[in-house]
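Peer 1: If you scroll down you'll find the structure; I have some questions about it.
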Amino acid sequence: MASRSERVLIVGGGLGGLAAAIHLAAQGQRVILFEQHEQVGGKLNLHTAEGYTFDTGPSLLTMPWIIRDLFATAGRRREDYLELVPVEPTCRYTWPDGTCFDAAQRLPDLLDAVRRLEPADVGGLLRFLAHTAGVYERVSDRFLLHPFDGFAELLSLEFLQNGLRIDALRTMDTAVRGFFRSPYLRQVFNRYATYNGSSPYLTPATFNVIAYIEMVEGGWYVRGGMYTLARALLRLAEELGVEVQTGCAVSAIETASGVVRGVRLADGRTVAGTQVIVNADPRYTYANLLQGQQRTALRLATLEPSCSGFVLLLGIDCVYEALRHHNIFFSADYPREFAAIFQKGVPAPDPTVYVNVTSVTDPQHAPPGHMNLFVLVNAPAVNERVNWRREAAGYRDTVLAKLERMGLHNLRQHIVYEHWMTPLDLQQRYNAAGGAIYGLASNNPFTAFLRPPLRAREVGNLYFVGGGTHPGGGIPLVLLSGQAVARRVLDDSCKVR
Ligand SMILES: Cc1cc2nc3c(=O)[nH]c(=O)nc-3n(C[C@H](O)[C@H](O)[C@H](O)COP(=O)(O)OP(=O)(O)OC[C@H]3O[C@@H](n4cnc5c(N)ncnc54)[C@H](O)[C@@H]3O)c2cc1C
């Protein structure tokens, strides 16, 4: 048990901060968590208006066993807090030429759908799954379940050998082309690069495991809305004794002789702590919350952020029968779309549009006969080439016109409620550098080694958790990050005693 004077302070109540708090509190640590907003959850957020409920961040949950394990750590059953629903089909994909593909959860149905597009790709899919199963096995232990501490580990021979075996030396697109003939299926499988905010033409083929995980472990939804997950983690954290202070922005991390002493809050109060875990973006943290860390701040600023997003929340007064829970309306030229986002740093003129409709599964999320559309387009991280204040309205029209062309006829006439969020809004709301959705991009094989480590090197007893550190962004990885950082903190405290 921790003594009264020892307490861990957590800056930020996103999923990473909440997971770290739960793991530590379950081990008897005293934890205080500060969240700048009135609600916890961070990017897992909620917007309600005029009878519509929208999840405004993540909409798809993978690797549900991580949530089960998180509750089990605290001696609880996930089922007592949350209902997880498999989404069938996982996603409906539509192309500009009218081709449609439903990614079914059951393998026989998925193989039938693949056969309809390209019979030769049935074998390709089975080979793809066998190949990625091996990569997943190697990656999960080394990168996911036991995240490492950074660049030094790159030098270990074991690691280099492993690097070769995890398909890190070719791009996702190159690998996908080797397995699939159909241009449609190639686009479907390349899309998984966007699950960590990267480009399939740059990201290592290792990340094909994302498709494997979704196809084998399923795509899930949290009954009542994804935000229910944040509520459940908050409840669990508080039951374990975590003191959660919302509406409480941290303005500085206090240090003395290179070791953290606590945090200063925006209202001027200071709170002492033995360790500080920061769930806010490390780039923002070094630049804004730590004194005398300009060198690290400048170095981190050179790292490529993941893509951001342009989001439209639409309440519509009709039901489009063709819409499923998850829908993708593809662009005609995928390489051009990613070149716009990552090389030119501008919004894609013909974007792939994702539409999530939770009212398909949770009818109370929209009035009867209506739908709630969460529309997401990958967008470049905030940069000087795009002035979103000027361009948002025009881009909104580009996106809606595309959806109208691809089957959502007269969509604009059916909008009765509308709200949008640009990369600038994401940056400001969450203190996420560049408005990045997933922290850093994984657009080359070395990005994993350049991520800020869980344990800061520059300041003693300072740690990071969440999408900006290891193992990366997305709900499951961020939750694993919470587990990993808690282990670091506990191990380090044992060494000191
Ligand atoms: C539009 C969108 C769609 C997405 N879709 C998916 C998806 O379908 N599936 C998936 O798995 N993932 C998805 N993601 C990614 C996922 O949401 C994130 O990876 C994850 O939620 C990040 O959690 P985090 O704990 O790292 O950080 P955050 O959620 O960013 O939490 C950080 C917290 O710190 C707080 N904070 C920052 N600065 C301070 C301060 N100074 N003082 C106090 N508090 C502070 C912030 O307010 C915030 O609450 C999506 C994200 C977005 C934005």
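In the structure tokens, each chain is lettered A, B, ... as it comes, each chain's residues begin at 1, and ligands are numbered from 1 in order of appearance.
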For the interface of region 253-339 of chain A with region 74-93 of chain A (cut-off 8 Å, counting only C-alpha atoms), please tabulate each contacting residue of region 253-339 of chain A alongside its nearest pair of atoms and their separation in Å to one decimal, rows sorted by chain and increasing number, as a tab-separated table.

Peer 2:
residue	atom	partner	partner_atom	distance
A:Leu323	CA	A:Arg92	CA	7.9
A:Arg324	CA	A:Arg92	CA	6.5
A:His325	CA	A:Val87	CA	7.2
A:His326	CA	A:Cys91	CA	4.8
A:Asn327	CA	A:Arg92	CA	4.8
A:Ile328	CA	A:Tyr93	CA	4.7
A:Phe329	CA	A:Tyr93	CA	6.1
A:Phe330	CA	A:Tyr93	CA	7.2

Peer 1: Tell me, which residues of region 402-487 of chain A carry DSSP helix (DSSP H, G or I), written as a PyMOL selection string?

Peer 2: chain A and resi 402-405+411-414+423-430+433-435+447-450+475-487

Peer 1: Excluding Ser308 (chain A) and residues on its chain fewer than 2 positions from it, collect all residues at most 7 Å away from it, counting only C-alpha atoms, and give them as a PyMOL selection string.

Peer 2: chain A and resi 306+378-381+423+435-437

Peer 1: Write out as number ranges by chain the set of residues from region 21-77 of chain A that DSSP, computed on the backbone, places in strand (DSSP E or B).

Peer 2: A: 31-35, 41, 46-49, 52-55, 61

Peer 1: Any chance you could tabulate, as a Markdown table, the residues of chain A at most 7 Å from ligand 1 with each one's nearest atom pair and distance in Å to one decimal, using only C-alpha atoms and all ligand atoms, in chain and rising number order?

Peer 2:
| residue | atom | partner | partner_atom_place_in_ligand_line | distance |
| --- | --- | --- | --- | --- |
| A:Val11 | CA | ligand 1 | 43 (C) | 5.1 |
| A:Gly12 | CA | ligand 1 | 34 (O) | 3.3 |
| A:Gly13 | CA | ligand 1 | 49 (O) | 4.6 |
| A:Gly14 | CA | ligand 1 | 31 (O) | 3.3 |
| A:Leu15 | CA | ligand 1 | 25 (O) | 4.0 |
| A:Gly16 | CA | ligand 1 | 25 (O) | 3.5 |
| A:Gly17 | CA | ligand 1 | 25 (O) | 5.6 |
| A:Phe34 | CA | ligand 1 | 43 (C) | 5.3 |
| A:Glu35 | CA | ligand 1 | 44 (N) | 3.9 |
| A:Gln36 | CA | ligand 1 | 43 (C) | 3.9 |
| A:His37 | CA | ligand 1 | 47 (O) | 5.7 |
| A:Val40 | CA | ligand 1 | 49 (O) | 5.7 |
| A:Gly41 | CA | ligand 1 | 49 (O) | 5.5 |
| A:Gly42 | CA | ligand 1 | 49 (O) | 3.1 |
| A:Lys43 | CA | ligand 1 | 29 (O) | 3.8 |
| A:Leu44 | CA | ligand 1 | 21 (O) | 5.0 |
| A:Thr56 | CA | ligand 1 | 1 (C) | 6.0 |
| A:Gly57 | CA | ligand 1 | 2 (C) | 3.7 |
| A:Pro58 | CA | ligand 1 | 5 (N) | 3.2 |
| A:Ser59 | CA | ligand 1 | 8 (O) | 4.0 |
| A:Leu60 | CA | ligand 1 | 8 (O) | 3.9 |
| A:Leu61 | CA | ligand 1 | 11 (O) | 5.5 |
| A:Thr62 | CA | ligand 1 | 11 (O) | 6.7 |
| A:Tyr195 | CA | ligand 1 | 9 (N) | 7.0 |
| A:Cys248 | CA | ligand 1 | 43 (C) | 6.1 |
| A:Ala249 | CA | ligand 1 | 42 (N) | 3.7 |
| A:Val250 | CA | ligand 1 | 42 (N) | 3.8 |
| A:Ser251 | CA | ligand 1 | 41 (N) | 5.6 |
| A:Asn279 | CA | ligand 1 | 32 (C) | 5.1 |
| A:Ala280 | CA | ligand 1 | 37 (C) | 4.2 |
| A:Asp281 | CA | ligand 1 | 30 (O) | 6.9 |
| A:Gly309 | CA | ligand 1 | 1 (C) | 5.9 |
| A:Val311 | CA | ligand 1 | 1 (C) | 6.6 |
| A:Leu376 | CA | ligand 1 | 1 (C) | 6.6 |
| A:Leu426 | CA | ligand 1 | 53 (C) | 6.8 |
| A:Arg429 | CA | ligand 1 | 47 (O) | 6.6 |
| A:Tyr430 | CA | ligand 1 | 46 (C) | 4.5 |
| A:Asn431 | CA | ligand 1 | 37 (C) | 5.1 |
| A:Ala432 | CA | ligand 1 | 30 (O) | 6.3 |
| A:Ile437 | CA | ligand 1 | 53 (C) | 4.6 |
| A:Tyr438 | CA | ligand 1 | 19 (O) | 4.8 |
| A:Val465 | CA | ligand 1 | 26 (O) | 6.6 |
| A:Gly466 | CA | ligand 1 | 26 (O) | 3.2 |
| A:Gly467 | CA | ligand 1 | 26 (O) | 3.7 |
| A:Gly468 | CA | ligand 1 | 26 (O) | 6.2 |
| A:Gly473 | CA | ligand 1 | 19 (O) | 3.9 |
| A:Gly474 | CA | ligand 1 | 19 (O) | 3.4 |
| A:Ile475 | CA | ligand 1 | 11 (O) | 3.7 |
| A:Pro476 | CA | ligand 1 | 11 (O) | 6.1 |
| A:Val478 | CA | ligand 1 | 26 (O) | 5.5 |

Peer 1: Please compute the CA of Gln245 (chain A)-CA of Ile32 (chain A) distance, one decimal, in Å.

Peer 2: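 Answer for the CA of Gln245 (chain A) to CA of Ile32 (chain A) separation: 7.4 Å.
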
Peer 1: Quick one: residues within 10 Å of Tyr395 (chain A), only C-alpha atoms counted, chain neighbours fewer than 2 positions away excluded, as a list in words?

Peer 2: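 Listing them by chain and then by number gives Phe310, Pro347, Ala348, Pro349, Pro351, Trp388, Arg390, Glu391, Ala392, Ala393, Asp397, Thr398, Val399, Leu400 and Ala401 of chain A.
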
Peer 1: For the residues selected in the previous step, produce a file with C-alpha atoms as a short mmCIF file (atom, residue, chain, number, x, y, z; two decimals), in the first residue's frame.

Peer 2:
data_model
loop_
_atom_site.label_atom_id
_atom_site.label_comp_id
_atom_site.auth_asym_id
_atom_site.auth_seq_id
_atom_site.Cartn_x
_atom_site.Cartn_y
_atom_site.Cartn_z
CA PHE A 310 -12.91 16.69 -40.70
CA PRO A 347 -7.69 18.14 -47.88
CA ALA A 348 -8.23 15.50 -50.57
CA PRO A 349 -10.35 16.92 -53.42
CA PRO A 351 -12.03 12.12 -50.23
CA TRP A 388 -9.97 25.74 -41.91
CA ARG A 390 -12.19 29.79 -44.41
CA GLU A 391 -12.31 26.38 -46.04
CA ALA A 392 -14.59 24.33 -43.79
CA ALA A 393 -17.88 25.39 -45.39
CA ASP A 397 -20.18 20.87 -49.56
CA THR A 398 -17.55 18.71 -51.31
CA VAL A 399 -18.21 15.89 -48.84
CA LEU A 400 -22.02 16.14 -48.96
CA ALA A 401 -22.08 16.39 -52.78
#

Peer 1: CA of Pro119 (chain A) to CA of Thr352 (chain A): how many Å, to one decimal?

Peer 2: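 According to the coordinates, CA of Pro119 (chain A) and CA of Thr352 (chain A) are separated by 25.6 Å.
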
Peer 1: Of the candidates A:Tyr463, A:Phe179, A:Tyr417, A:Trp95, which one gets nearest to Ile253 (chain A) if we count only C-alpha atoms?

Peer 2: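 Result for the nearest residue to Ile253 (chain A): A:Tyr463.
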
Peer 1: If you count only C-alpha atoms, which residues fall within 12 Å of Glu50 (chain A), apart from same-chain ones fewer than 6 positions away, as a list in words?

Peer 2: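 After dropping sequence-adjacent residues, the list is Leu314, Gly315, Ile316, Asp317, His365, Ala366, Pro367, His370, Asn372, Val416, Tyr417, Glu418 and His419 of chain A.
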
Peer 1: One decimal, in Å: what's the spacing between CA of Ala168 (chain A) and CA of Val135 (chain A)?

Peer 2: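 Rounded to one decimal, the two atoms are 9.8 Å apart.
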
Peer 1: Within 9 Å of Asn444 (chain A), counting only C-alpha atoms, which residues show up once you throw out same-chain ones fewer than 6 positions away? Write them as a list in words, please.

Peer 2: Ala168, Thr171, Leu202, Thr203 and Pro204 of chain A

Peer 1: For the residues in that selection, give me N, CA and C atoms as a PDB file, in the first residue's frame.

Peer 2:
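Contents of out-v7.pdb, freshly written:
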ATOM      1  N   ALA A 168       8.251  -5.562 -41.737  1.00  0.00           N
ATOM      2  CA  ALA A 168       8.370  -4.104 -41.604  1.00  0.00           C
ATOM      3  C   ALA A 168       9.112  -3.471 -42.777  1.00  0.00           C
ATOM      4  N   THR A 171       5.862  -1.874 -47.776  1.00  0.00           N
ATOM      5  CA  THR A 171       4.703  -1.093 -47.332  1.00  0.00           C
ATOM      6  C   THR A 171       3.454  -1.975 -47.283  1.00  0.00           C
ATOM      7  N   LEU A 202       2.933   4.213 -47.392  1.00  0.00           N
ATOM      8  CA  LEU A 202       4.136   4.514 -46.615  1.00  0.00           C
ATOM      9  C   LEU A 202       4.275   3.616 -45.383  1.00  0.00           C
ATOM     10  N   THR A 203       3.156   3.260 -44.790  1.00  0.00           N
ATOM     11  CA  THR A 203       3.224   2.546 -43.509  1.00  0.00           C
ATOM     12  C   THR A 203       3.715   1.105 -43.727  1.00  0.00           C
ATOM     13  N   PRO A 204       4.507   0.554 -42.799  1.00  0.00           N
ATOM     14  CA  PRO A 204       5.012  -0.807 -42.975  1.00  0.00           C
ATOM     15  C   PRO A 204       3.888  -1.847 -43.027  1.00  0.00           C
TER      16      PRO A 204
END
